[in-house]
file work_3.pdb (PDB, N, CA and C atoms)
MODEL        1
ATOM      1  N   MET A   1      15.099   4.152  12.182  1.00  0.00           N
ATOM      2  CA  MET A   1      14.324   4.957  11.274  1.00  0.00           C
ATOM      3  C   MET A   1      13.330   5.764  12.094  1.00  0.00           C
ATOM      4  N   ALA A   2      13.279   7.040  11.839  1.00  0.00           N
ATOM      5  CA  ALA A   2      12.343   7.915  12.538  1.00  0.00           C
ATOM      6  C   ALA A   2      11.031   7.974  11.763  1.00  0.00           C
ATOM      7  N   VAL A   3       9.953   7.597  12.419  1.00  0.00           N
ATOM      8  CA  VAL A   3       8.629   7.622  11.816  1.00  0.00           C
ATOM      9  C   VAL A   3       7.739   8.484  12.691  1.00  0.00           C
ATOM     10  N   THR A   4       7.015   9.408  12.071  1.00  0.00           N
ATOM     11  CA  THR A   4       6.087  10.258  12.794  1.00  0.00           C
ATOM     12  C   THR A   4       4.669   9.820  12.446  1.00  0.00           C
ATOM     13  N   ILE A   5       3.878   9.508  13.453  1.00  0.00           N
ATOM     14  CA  ILE A   5       2.499   9.089  13.237  1.00  0.00           C
ATOM     15  C   ILE A   5       1.595  10.121  13.899  1.00  0.00           C
ATOM     16  N   LYS A   6       0.690  10.689  13.095  1.00  0.00           N
ATOM     17  CA  LYS A   6      -0.214  11.712  13.600  1.00  0.00           C
ATOM     18  C   LYS A   6      -1.663  11.261  13.362  1.00  0.00           C
ATOM     19  N   PRO A   7      -2.465  11.199  14.398  1.00  0.00           N
ATOM     20  CA  PRO A   7      -3.882  10.885  14.160  1.00  0.00           C
ATOM     21  C   PRO A   7      -4.589  12.097  13.563  1.00  0.00           C
ATOM     22  N   GLN A   8      -5.550  11.845  12.695  1.00  0.00           N
ATOM     23  CA  GLN A   8      -6.342  12.934  12.132  1.00  0.00           C
ATOM     24  C   GLN A   8      -7.569  13.112  13.008  1.00  0.00           C
ATOM     25  N   LEU A   9      -7.706  14.278  13.606  1.00  0.00           N
ATOM     26  CA  LEU A   9      -8.819  14.530  14.511  1.00  0.00           C
ATOM     27  C   LEU A   9     -10.151  14.575  13.774  1.00  0.00           C
ATOM     28  N   ALA A  10     -10.158  15.058  12.541  1.00  0.00           N
ATOM     29  CA  ALA A  10     -11.402  15.152  11.784  1.00  0.00           C
ATOM     30  C   ALA A  10     -11.896  13.780  11.339  1.00  0.00           C
ATOM     31  N   ARG A  11     -10.977  12.859  11.139  1.00  0.00           N
ATOM     32  CA  ARG A  11     -11.325  11.494  10.723  1.00  0.00           C
ATOM     33  C   ARG A  11     -10.651  10.520  11.682  1.00  0.00           C
ATOM     34  N   PRO A  12     -11.351  10.039  12.682  1.00  0.00           N
ATOM     35  CA  PRO A  12     -10.713   9.238  13.725  1.00  0.00           C
ATOM     36  C   PRO A  12     -10.143   7.901  13.247  1.00  0.00           C
ATOM     37  N   ARG A  13     -10.568   7.373  12.120  1.00  0.00           N
ATOM     38  CA  ARG A  13     -10.063   6.084  11.646  1.00  0.00           C
ATOM     39  C   ARG A  13      -8.880   6.231  10.693  1.00  0.00           C
ATOM     40  N   LYS A  14      -8.347   7.437  10.534  1.00  0.00           N
ATOM     41  CA  LYS A  14      -7.231   7.667   9.627  1.00  0.00           C
ATOM     42  C   LYS A  14      -6.049   8.239  10.391  1.00  0.00           C
ATOM     43  N   ILE A  15      -4.841   7.917   9.906  1.00  0.00           N
ATOM     44  CA  ILE A  15      -3.616   8.459  10.482  1.00  0.00           C
ATOM     45  C   ILE A  15      -2.720   8.940   9.346  1.00  0.00           C
ATOM     46  N   ILE A  16      -1.793   9.801   9.680  1.00  0.00           N
ATOM     47  CA  ILE A  16      -0.784  10.278   8.738  1.00  0.00           C
ATOM     48  C   ILE A  16       0.563   9.745   9.228  1.00  0.00           C
ATOM     49  N   VAL A  17       1.290   9.096   8.321  1.00  0.00           N
ATOM     50  CA  VAL A  17       2.613   8.561   8.650  1.00  0.00           C
ATOM     51  C   VAL A  17       3.636   9.315   7.815  1.00  0.00           C
ATOM     52  N   GLU A  18       4.610   9.897   8.481  1.00  0.00           N
ATOM     53  CA  GLU A  18       5.669  10.635   7.796  1.00  0.00           C
ATOM     54  C   GLU A  18       7.000   9.944   8.030  1.00  0.00           C
ATOM     55  N   LEU A  19       7.768   9.762   6.932  1.00  0.00           N
ATOM     56  CA  LEU A  19       9.118   9.255   7.071  1.00  0.00           C
ATOM     57  C   LEU A  19       9.985   9.794   5.942  1.00  0.00           C
ATOM     58  N   ASP A  20      11.255   9.785   6.145  1.00  0.00           N
ATOM     59  CA  ASP A  20      12.230  10.298   5.197  1.00  0.00           C
ATOM     60  C   ASP A  20      12.189   9.468   3.913  1.00  0.00           C
ATOM     61  N   ALA A  21      12.240  10.118   2.750  1.00  0.00           N
ATOM     62  CA  ALA A  21      12.129   9.431   1.466  1.00  0.00           C
ATOM     63  C   ALA A  21      13.256   8.420   1.264  1.00  0.00           C
ATOM     64  N   ASP A  22      14.474   8.782   1.632  1.00  0.00           N
ATOM     65  CA  ASP A  22      15.589   7.850   1.460  1.00  0.00           C
ATOM     66  C   ASP A  22      15.411   6.617   2.329  1.00  0.00           C
ATOM     67  N   LYS A  23      14.968   6.822   3.554  1.00  0.00           N
ATOM     68  CA  LYS A  23      14.755   5.676   4.449  1.00  0.00           C
ATOM     69  C   LYS A  23      13.565   4.838   3.993  1.00  0.00           C
ATOM     70  N   PHE A  24      12.556   5.484   3.398  1.00  0.00           N
ATOM     71  CA  PHE A  24      11.433   4.729   2.868  1.00  0.00           C
ATOM     72  C   PHE A  24      11.879   3.837   1.712  1.00  0.00           C
ATOM     73  N   GLU A  25      12.731   4.357   0.827  1.00  0.00           N
ATOM     74  CA  GLU A  25      13.240   3.551  -0.279  1.00  0.00           C
ATOM     75  C   GLU A  25      14.040   2.364   0.238  1.00  0.00           C
ATOM     76  N   ARG A  26      14.816   2.565   1.286  1.00  0.00           N
ATOM     77  CA  ARG A  26      15.582   1.466   1.866  1.00  0.00           C
ATOM     78  C   ARG A  26      14.646   0.417   2.464  1.00  0.00           C
ATOM     79  N   LEU A  27      13.599   0.888   3.150  1.00  0.00           N
ATOM     80  CA  LEU A  27      12.612  -0.026   3.716  1.00  0.00           C
ATOM     81  C   LEU A  27      11.892  -0.797   2.608  1.00  0.00           C
ATOM     82  N   ALA A  28      11.506  -0.100   1.538  1.00  0.00           N
ATOM     83  CA  ALA A  28      10.831  -0.754   0.416  1.00  0.00           C
ATOM     84  C   ALA A  28      11.727  -1.818  -0.219  1.00  0.00           C
ATOM     85  N   ALA A  29      12.995  -1.528  -0.355  1.00  0.00           N
ATOM     86  CA  ALA A  29      13.929  -2.504  -0.915  1.00  0.00           C
ATOM     87  C   ALA A  29      14.049  -3.712   0.000  1.00  0.00           C
ATOM     88  N   ASN A  30      14.118  -3.474   1.305  1.00  0.00           N
ATOM     89  CA  ASN A  30      14.218  -4.584   2.257  1.00  0.00           C
ATOM     90  C   ASN A  30      12.962  -5.448   2.270  1.00  0.00           C
ATOM     91  N   LEU A  31      11.801  -4.841   1.993  1.00  0.00           N
ATOM     92  CA  LEU A  31      10.548  -5.596   1.953  1.00  0.00           C
ATOM     93  C   LEU A  31      10.318  -6.262   0.602  1.00  0.00           C
ATOM     94  N   GLY A  32      11.183  -6.006  -0.358  1.00  0.00           N
ATOM     95  CA  GLY A  32      11.081  -6.653  -1.662  1.00  0.00           C
ATOM     96  C   GLY A  32      10.212  -5.929  -2.657  1.00  0.00           C
ATOM     97  N   PHE A  33       9.942  -4.647  -2.433  1.00  0.00           N
ATOM     98  CA  PHE A  33       9.070  -3.910  -3.337  1.00  0.00           C
ATOM     99  C   PHE A  33       9.721  -3.624  -4.687  1.00  0.00           C
ATOM    100  N   PHE A  34      11.002  -3.830  -4.824  1.00  0.00           N
ATOM    101  CA  PHE A  34      11.677  -3.598  -6.086  1.00  0.00           C
ATOM    102  C   PHE A  34      12.058  -4.905  -6.770  1.00  0.00           C
ATOM    103  N   SER A  35      11.604  -6.036  -6.222  1.00  0.00           N
ATOM    104  CA  SER A  35      11.927  -7.323  -6.827  1.00  0.00           C
ATOM    105  C   SER A  35      11.141  -7.503  -8.120  1.00  0.00           C
ATOM    106  N   HIS A  36      11.647  -8.342  -9.007  1.00  0.00           N
ATOM    107  CA  HIS A  36      10.983  -8.570 -10.293  1.00  0.00           C
ATOM    108  C   HIS A  36       9.593  -9.181 -10.098  1.00  0.00           C
ATOM    109  N   GLU A  37       9.447 -10.070  -9.130  1.00  0.00           N
ATOM    110  CA  GLU A  37       8.150 -10.706  -8.889  1.00  0.00           C
ATOM    111  C   GLU A  37       7.112  -9.683  -8.439  1.00  0.00           C
ATOM    112  N   PHE A  38       7.508  -8.787  -7.546  1.00  0.00           N
ATOM    113  CA  PHE A  38       6.578  -7.771  -7.055  1.00  0.00           C
ATOM    114  C   PHE A  38       6.180  -6.816  -8.177  1.00  0.00           C
ATOM    115  N   LEU A  39       7.144  -6.370  -8.965  1.00  0.00           N
ATOM    116  CA  LEU A  39       6.844  -5.450 -10.059  1.00  0.00           C
ATOM    117  C   LEU A  39       5.953  -6.122 -11.108  1.00  0.00           C
ATOM    118  N   ARG A  40       6.163  -7.410 -11.351  1.00  0.00           N
ATOM    119  CA  ARG A  40       5.299  -8.140 -12.289  1.00  0.00           C
ATOM    120  C   ARG A  40       3.878  -8.227 -11.738  1.00  0.00           C
ATOM    121  N   SER A  41       3.741  -8.464 -10.429  1.00  0.00           N
ATOM    122  CA  SER A  41       2.402  -8.546  -9.842  1.00  0.00           C
ATOM    123  C   SER A  41       1.690  -7.192  -9.944  1.00  0.00           C
ATOM    124  N   LEU A  42       2.428  -6.096  -9.849  1.00  0.00           N
ATOM    125  CA  LEU A  42       1.828  -4.771 -10.032  1.00  0.00           C
ATOM    126  C   LEU A  42       1.330  -4.589 -11.462  1.00  0.00           C
ATOM    127  N   ASP A  43       2.121  -5.049 -12.433  1.00  0.00           N
ATOM    128  CA  ASP A  43       1.695  -4.957 -13.833  1.00  0.00           C
ATOM    129  C   ASP A  43       0.420  -5.755 -14.068  1.00  0.00           C
ATOM    130  N   LEU A  44       0.352  -6.971 -13.525  1.00  0.00           N
ATOM    131  CA  LEU A  44      -0.841  -7.803 -13.684  1.00  0.00           C
ATOM    132  C   LEU A  44      -2.051  -7.169 -13.007  1.00  0.00           C
ATOM    133  N   ALA A  45      -1.842  -6.596 -11.829  1.00  0.00           N
ATOM    134  CA  ALA A  45      -2.940  -5.948 -11.115  1.00  0.00           C
ATOM    135  C   ALA A  45      -3.444  -4.728 -11.886  1.00  0.00           C
ATOM    136  N   GLU A  46      -2.540  -3.990 -12.487  1.00  0.00           N
ATOM    137  CA  GLU A  46      -2.943  -2.818 -13.264  1.00  0.00           C
ATOM    138  C   GLU A  46      -3.759  -3.241 -14.484  1.00  0.00           C
ATOM    139  N   ARG A  47      -3.351  -4.336 -15.139  1.00  0.00           N
ATOM    140  CA  ARG A  47      -4.119  -4.846 -16.280  1.00  0.00           C
ATOM    141  C   ARG A  47      -5.512  -5.294 -15.849  1.00  0.00           C
ATOM    142  N   ASP A  48      -5.604  -5.979 -14.708  1.00  0.00           N
ATOM    143  CA  ASP A  48      -6.911  -6.403 -14.198  1.00  0.00           C
ATOM    144  C   ASP A  48      -7.797  -5.197 -13.917  1.00  0.00           C
ATOM    145  N   TYR A  49      -7.217  -4.160 -13.337  1.00  0.00           N
ATOM    146  CA  TYR A  49      -7.978  -2.957 -13.010  1.00  0.00           C
ATOM    147  C   TYR A  49      -8.499  -2.282 -14.282  1.00  0.00           C
ATOM    148  N   LYS A  50      -7.633  -2.143 -15.260  1.00  0.00           N
ATOM    149  CA  LYS A  50      -8.024  -1.480 -16.504  1.00  0.00           C
ATOM    150  C   LYS A  50      -9.086  -2.264 -17.260  1.00  0.00           C
ATOM    151  N   SER A  51      -9.062  -3.588 -17.143  1.00  0.00           N
ATOM    152  CA  SER A  51     -10.033  -4.411 -17.867  1.00  0.00           C
ATOM    153  C   SER A  51     -11.338  -4.576 -17.092  1.00  0.00           C
ATOM    154  N   GLY A  52     -11.397  -4.056 -15.865  1.00  0.00           N
ATOM    155  CA  GLY A  52     -12.630  -4.108 -15.090  1.00  0.00           C
ATOM    156  C   GLY A  52     -12.816  -5.383 -14.278  1.00  0.00           C
ATOM    157  N   ARG A  53     -11.762  -6.157 -14.084  1.00  0.00           N
ATOM    158  CA  ARG A  53     -11.863  -7.399 -13.312  1.00  0.00           C
ATOM    159  C   ARG A  53     -11.566  -7.180 -11.830  1.00  0.00           C
ATOM    160  N   VAL A  54     -12.027  -6.071 -11.294  1.00  0.00           N
ATOM    161  CA  VAL A  54     -11.824  -5.781  -9.881  1.00  0.00           C
ATOM    162  C   VAL A  54     -13.154  -5.378  -9.265  1.00  0.00           C
ATOM    163  N   ARG A  55     -13.227  -5.431  -7.939  1.00  0.00           N
ATOM    164  CA  ARG A  55     -14.408  -4.948  -7.244  1.00  0.00           C
ATOM    165  C   ARG A  55     -13.952  -4.172  -6.019  1.00  0.00           C
ATOM    166  N   LYS A  56     -14.749  -3.196  -5.643  1.00  0.00           N
ATOM    167  CA  LYS A  56     -14.402  -2.380  -4.485  1.00  0.00           C
ATOM    168  C   LYS A  56     -14.841  -3.096  -3.216  1.00  0.00           C
ATOM    169  N   ILE A  57     -14.008  -3.013  -2.190  1.00  0.00           N
ATOM    170  CA  ILE A  57     -14.341  -3.573  -0.889  1.00  0.00           C
ATOM    171  C   ILE A  57     -14.131  -2.490   0.154  1.00  0.00           C
ATOM    172  N   LYS A  58     -14.824  -2.621   1.268  1.00  0.00           N
ATOM    173  CA  LYS A  58     -14.665  -1.651   2.351  1.00  0.00           C
ATOM    174  C   LYS A  58     -13.653  -2.118   3.379  1.00  0.00           C
ATOM    175  N   SER A  59     -13.446  -3.443   3.476  1.00  0.00           N
ATOM    176  CA  SER A  59     -12.450  -3.945   4.409  1.00  0.00           C
ATOM    177  C   SER A  59     -11.935  -5.287   3.904  1.00  0.00           C
ATOM    178  N   LEU A  60     -10.796  -5.695   4.413  1.00  0.00           N
ATOM    179  CA  LEU A  60     -10.222  -6.980   4.012  1.00  0.00           C
ATOM    180  C   LEU A  60     -11.064  -8.158   4.480  1.00  0.00           C
ATOM    181  N   GLN A  61     -11.897  -7.934   5.469  1.00  0.00           N
ATOM    182  CA  GLN A  61     -12.778  -9.008   5.957  1.00  0.00           C
ATOM    183  C   GLN A  61     -13.760  -9.445   4.886  1.00  0.00           C
ATOM    184  N   GLU A  62     -14.102  -8.573   3.950  1.00  0.00           N
ATOM    185  CA  GLU A  62     -15.012  -8.929   2.872  1.00  0.00           C
ATOM    186  C   GLU A  62     -14.429 -10.013   1.972  1.00  0.00           C
ATOM    187  N   LEU A  63     -13.116 -10.142   1.919  1.00  0.00           N
ATOM    188  CA  LEU A  63     -12.478 -11.160   1.084  1.00  0.00           C
ATOM    189  C   LEU A  63     -12.706 -12.566   1.645  1.00  0.00           C
ATOM    190  N   ARG A  64     -12.982 -12.667   2.919  1.00  0.00           N
ATOM    191  CA  ARG A  64     -13.200 -13.977   3.542  1.00  0.00           C
ATOM    192  C   ARG A  64     -14.592 -14.527   3.274  1.00  0.00           C
ATOM    193  N   ARG A  65     -15.517 -13.689   2.841  1.00  0.00           N
ATOM    194  CA  ARG A  65     -16.892 -14.139   2.598  1.00  0.00           C
ATOM    195  C   ARG A  65     -17.013 -14.928   1.331  1.00  0.00           C
TER     196      ARG A  65
ENDMDL
END

call {"tool": "encode", "arguments": {"input": "work_3.pdb", "output": "structure tokens"}}
result
Amino acid sequence: MAVTIKPQLARPRKIIVELDADKFERLAANLGFFSHEFLRSLDLAERDYKSGRVRKIKSLQELRR
């Protein structure tokens, strides 16, 4: 799979990743993004978000506190 990674000069902590849509779908399927369990977890997360049971974090390290 050909992946192009470009750093953003204006924002040093961000990158742009480009890949072919068909190959991305194949990768997503291989990672289980189309499984029933994953899709159900997305539905539950969307309900939590809409009901306000979420909080914003700046990094994943905040979850360990």

call {"tool": "residues_around", "arguments": {"input": "work_3.pdb", "residues": "Lys6 (chain A)", "least_positions_apart": "2", "cutoff": "6.5 Å", "atoms": "all atoms listed in the file", "output": "JSON, numbers by chain"}}
result
{"A": [4, 8, 14, 15, 16, 17, 18]}

call {"tool": "axis_aligned_box", "arguments": {"input": "work_3.pdb", "around": "region 42-49 of chain A", "padding_each_side": "3 Å", "output": "JSON"}}
result
{"center_x": -3.0, "center_y": -5.0, "center_z": -13.1, "size_x": 16.9, "size_y": 11.5, "size_z": 12.4}

call {"tool": "atom_distance", "arguments": {"input": "work_3.pdb", "atom1": "atom N of Phe34 (chain A)", "atom2": "CA of Ala21 (chain A)"}}
result
14.7 Å

call {"tool": "select_by_dssp", "arguments": {"input": "work_3.pdb", "residues": "chain A", "states": "alpha helix (DSSP H)", "output": "PDB file with N, CA and C atoms, in the frame of the given file"}}
result
ATOM      1  N   ALA A  21      12.240  10.118   2.750  1.00  0.00           N
ATOM      2  CA  ALA A  21      12.129   9.431   1.466  1.00  0.00           C
ATOM      3  C   ALA A  21      13.256   8.420   1.264  1.00  0.00           C
ATOM      4  N   ASP A  22      14.474   8.782   1.632  1.00  0.00           N
ATOM      5  CA  ASP A  22      15.589   7.850   1.460  1.00  0.00           C
ATOM      6  C   ASP A  22      15.411   6.617   2.329  1.00  0.00           C
ATOM      7  N   LYS A  23      14.968   6.822   3.554  1.00  0.00           N
ATOM      8  CA  LYS A  23      14.755   5.676   4.449  1.00  0.00           C
ATOM      9  C   LYS A  23      13.565   4.838   3.993  1.00  0.00           C
ATOM     10  N   PHE A  24      12.556   5.484   3.398  1.00  0.00           N
ATOM     11  CA  PHE A  24      11.433   4.729   2.868  1.00  0.00           C
ATOM     12  C   PHE A  24      11.879   3.837   1.712  1.00  0.00           C
ATOM     13  N   GLU A  25      12.731   4.357   0.827  1.00  0.00           N
ATOM     14  CA  GLU A  25      13.240   3.551  -0.279  1.00  0.00           C
ATOM     15  C   GLU A  25      14.040   2.364   0.238  1.00  0.00           C
ATOM     16  N   ARG A  26      14.816   2.565   1.286  1.00  0.00           N
ATOM     17  CA  ARG A  26      15.582   1.466   1.866  1.00  0.00           C
ATOM     18  C   ARG A  26      14.646   0.417   2.464  1.00  0.00           C
ATOM     19  N   LEU A  27      13.599   0.888   3.150  1.00  0.00           N
ATOM     20  CA  LEU A  27      12.612  -0.026   3.716  1.00  0.00           C
ATOM     21  C   LEU A  27      11.892  -0.797   2.608  1.00  0.00           C
ATOM     22  N   ALA A  28      11.506  -0.100   1.538  1.00  0.00           N
ATOM     23  CA  ALA A  28      10.831  -0.754   0.416  1.00  0.00           C
ATOM     24  C   ALA A  28      11.727  -1.818  -0.219  1.00  0.00           C
ATOM     25  N   ALA A  29      12.995  -1.528  -0.355  1.00  0.00           N
ATOM     26  CA  ALA A  29      13.929  -2.504  -0.915  1.00  0.00           C
ATOM     27  C   ALA A  29      14.049  -3.712   0.000  1.00  0.00           C
ATOM     28  N   ASN A  30      14.118  -3.474   1.305  1.00  0.00           N
ATOM     29  CA  ASN A  30      14.218  -4.584   2.257  1.00  0.00           C
ATOM     30  C   ASN A  30      12.962  -5.448   2.270  1.00  0.00           C
ATOM     31  N   HIS A  36      11.647  -8.342  -9.007  1.00  0.00           N
ATOM     32  CA  HIS A  36      10.983  -8.570 -10.293  1.00  0.00           C
ATOM     33  C   HIS A  36       9.593  -9.181 -10.098  1.00  0.00           C
ATOM     34  N   GLU A  37       9.447 -10.070  -9.130  1.00  0.00           N
ATOM     35  CA  GLU A  37       8.150 -10.706  -8.889  1.00  0.00           C
ATOM     36  C   GLU A  37       7.112  -9.683  -8.439  1.00  0.00           C
ATOM     37  N   PHE A  38       7.508  -8.787  -7.546  1.00  0.00           N
ATOM     38  CA  PHE A  38       6.578  -7.771  -7.055  1.00  0.00           C
ATOM     39  C   PHE A  38       6.180  -6.816  -8.177  1.00  0.00           C
ATOM     40  N   LEU A  39       7.144  -6.370  -8.965  1.00  0.00           N
ATOM     41  CA  LEU A  39       6.844  -5.450 -10.059  1.00  0.00           C
ATOM     42  C   LEU A  39       5.953  -6.122 -11.108  1.00  0.00           C
ATOM     43  N   ARG A  40       6.163  -7.410 -11.351  1.00  0.00           N
ATOM     44  CA  ARG A  40       5.299  -8.140 -12.289  1.00  0.00           C
ATOM     45  C   ARG A  40       3.878  -8.227 -11.738  1.00  0.00           C
ATOM     46  N   SER A  41       3.741  -8.464 -10.429  1.00  0.00           N
ATOM     47  CA  SER A  41       2.402  -8.546  -9.842  1.00  0.00           C
ATOM     48  C   SER A  41       1.690  -7.192  -9.944  1.00  0.00           C
ATOM     49  N   LEU A  42       2.428  -6.096  -9.849  1.00  0.00           N
ATOM     50  CA  LEU A  42       1.828  -4.771 -10.032  1.00  0.00           C
ATOM     51  C   LEU A  42       1.330  -4.589 -11.462  1.00  0.00           C
ATOM     52  N   ASP A  43       2.121  -5.049 -12.433  1.00  0.00           N
ATOM     53  CA  ASP A  43       1.695  -4.957 -13.833  1.00  0.00           C
ATOM     54  C   ASP A  43       0.420  -5.755 -14.068  1.00  0.00           C
ATOM     55  N   LEU A  44       0.352  -6.971 -13.525  1.00  0.00           N
ATOM     56  CA  LEU A  44      -0.841  -7.803 -13.684  1.00  0.00           C
ATOM     57  C   LEU A  44      -2.051  -7.169 -13.007  1.00  0.00           C
ATOM     58  N   ALA A  45      -1.842  -6.596 -11.829  1.00  0.00           N
ATOM     59  CA  ALA A  45      -2.940  -5.948 -11.115  1.00  0.00           C
ATOM     60  C   ALA A  45      -3.444  -4.728 -11.886  1.00  0.00           C
ATOM     61  N   GLU A  46      -2.540  -3.990 -12.487  1.00  0.00           N
ATOM     62  CA  GLU A  46      -2.943  -2.818 -13.264  1.00  0.00           C
ATOM     63  C   GLU A  46      -3.759  -3.241 -14.484  1.00  0.00           C
ATOM     64  N   ARG A  47      -3.351  -4.336 -15.139  1.00  0.00           N
ATOM     65  CA  ARG A  47      -4.119  -4.846 -16.280  1.00  0.00           C
ATOM     66  C   ARG A  47      -5.512  -5.294 -15.849  1.00  0.00           C
ATOM     67  N   ASP A  48      -5.604  -5.979 -14.708  1.00  0.00           N
ATOM     68  CA  ASP A  48      -6.911  -6.403 -14.198  1.00  0.00           C
ATOM     69  C   ASP A  48      -7.797  -5.197 -13.917  1.00  0.00           C
ATOM     70  N   TYR A  49      -7.217  -4.160 -13.337  1.00  0.00           N
ATOM     71  CA  TYR A  49      -7.978  -2.957 -13.010  1.00  0.00           C
ATOM     72  C   TYR A  49      -8.499  -2.282 -14.282  1.00  0.00           C
ATOM     73  N   LYS A  50      -7.633  -2.143 -15.260  1.00  0.00           N
ATOM     74  CA  LYS A  50      -8.024  -1.480 -16.504  1.00  0.00           C
ATOM     75  C   LYS A  50      -9.086  -2.264 -17.260  1.00  0.00           C
ATOM     76  N   SER A  51      -9.062  -3.588 -17.143  1.00  0.00           N
ATOM     77  CA  SER A  51     -10.033  -4.411 -17.867  1.00  0.00           C
ATOM     78  C   SER A  51     -11.338  -4.576 -17.092  1.00  0.00           C
TER      79      SER A  51
END

call {"tool": "select_by_dssp", "arguments": {"input": "work_3.pdb", "residues": "chain A", "states": "strand (DSSP E or B)", "output": "list of chain:residue names"}}
result
A:Val3, A:Thr4, A:Ile5, A:Lys6, A:Pro7, A:Ile15, A:Ile16, A:Val17, A:Glu18, A:Leu19

call {"tool": "write_last_selection", "arguments": {"input": "work_3.pdb", "atoms": "N, CA and C atoms", "output": "compact mmCIF listing (two decimals), keeping the file's coordinate frame"}}
result
# COMPACT_ATOMS: atom_id res chain seq x y z
N VAL A 3 9.95 7.60 12.42
CA VAL A 3 8.63 7.62 11.82
C VAL A 3 7.74 8.48 12.69
N THR A 4 7.02 9.41 12.07
CA THR A 4 6.09 10.26 12.79
C THR A 4 4.67 9.82 12.45
N ILE A 5 3.88 9.51 13.45
CA ILE A 5 2.50 9.09 13.24
C ILE A 5 1.60 10.12 13.90
N LYS A 6 0.69 10.69 13.10
CA LYS A 6 -0.21 11.71 13.60
C LYS A 6 -1.66 11.26 13.36
N PRO A 7 -2.46 11.20 14.40
CA PRO A 7 -3.88 10.88 14.16
C PRO A 7 -4.59 12.10 13.56
N ILE A 15 -4.84 7.92 9.91
CA ILE A 15 -3.62 8.46 10.48
C ILE A 15 -2.72 8.94 9.35
N ILE A 16 -1.79 9.80 9.68
CA ILE A 16 -0.78 10.28 8.74
C ILE A 16 0.56 9.74 9.23
N VAL A 17 1.29 9.10 8.32
CA VAL A 17 2.61 8.56 8.65
C VAL A 17 3.64 9.32 7.82
N GLU A 18 4.61 9.90 8.48
CA GLU A 18 5.67 10.64 7.80
C GLU A 18 7.00 9.94 8.03
N LEU A 19 7.77 9.76 6.93
CA LEU A 19 9.12 9.26 7.07
C LEU A 19 9.98 9.79 5.94

call {"tool": "atom_distance", "arguments": {"input": "work_3.pdb", "atom1": "atom C of Leu63 (chain A)", "atom2": "CA of Ile5 (chain A)"}}
result
28.9 Å

call {"tool": "atom_distance", "arguments": {"input": "work_3.pdb", "atom1": "CA of Gln61 (chain A)", "atom2": "CA of Arg47 (chain A)"}}
result
24.2 Å

call {"tool": "closest_residue", "arguments": {"input": "work_3.pdb", "among": "A:Lys50, A:Lys58, A:Arg65, A:Val3", "to": "Leu19 (chain A)", "atoms": "all atoms listed in the file"}}
result
A:Val3
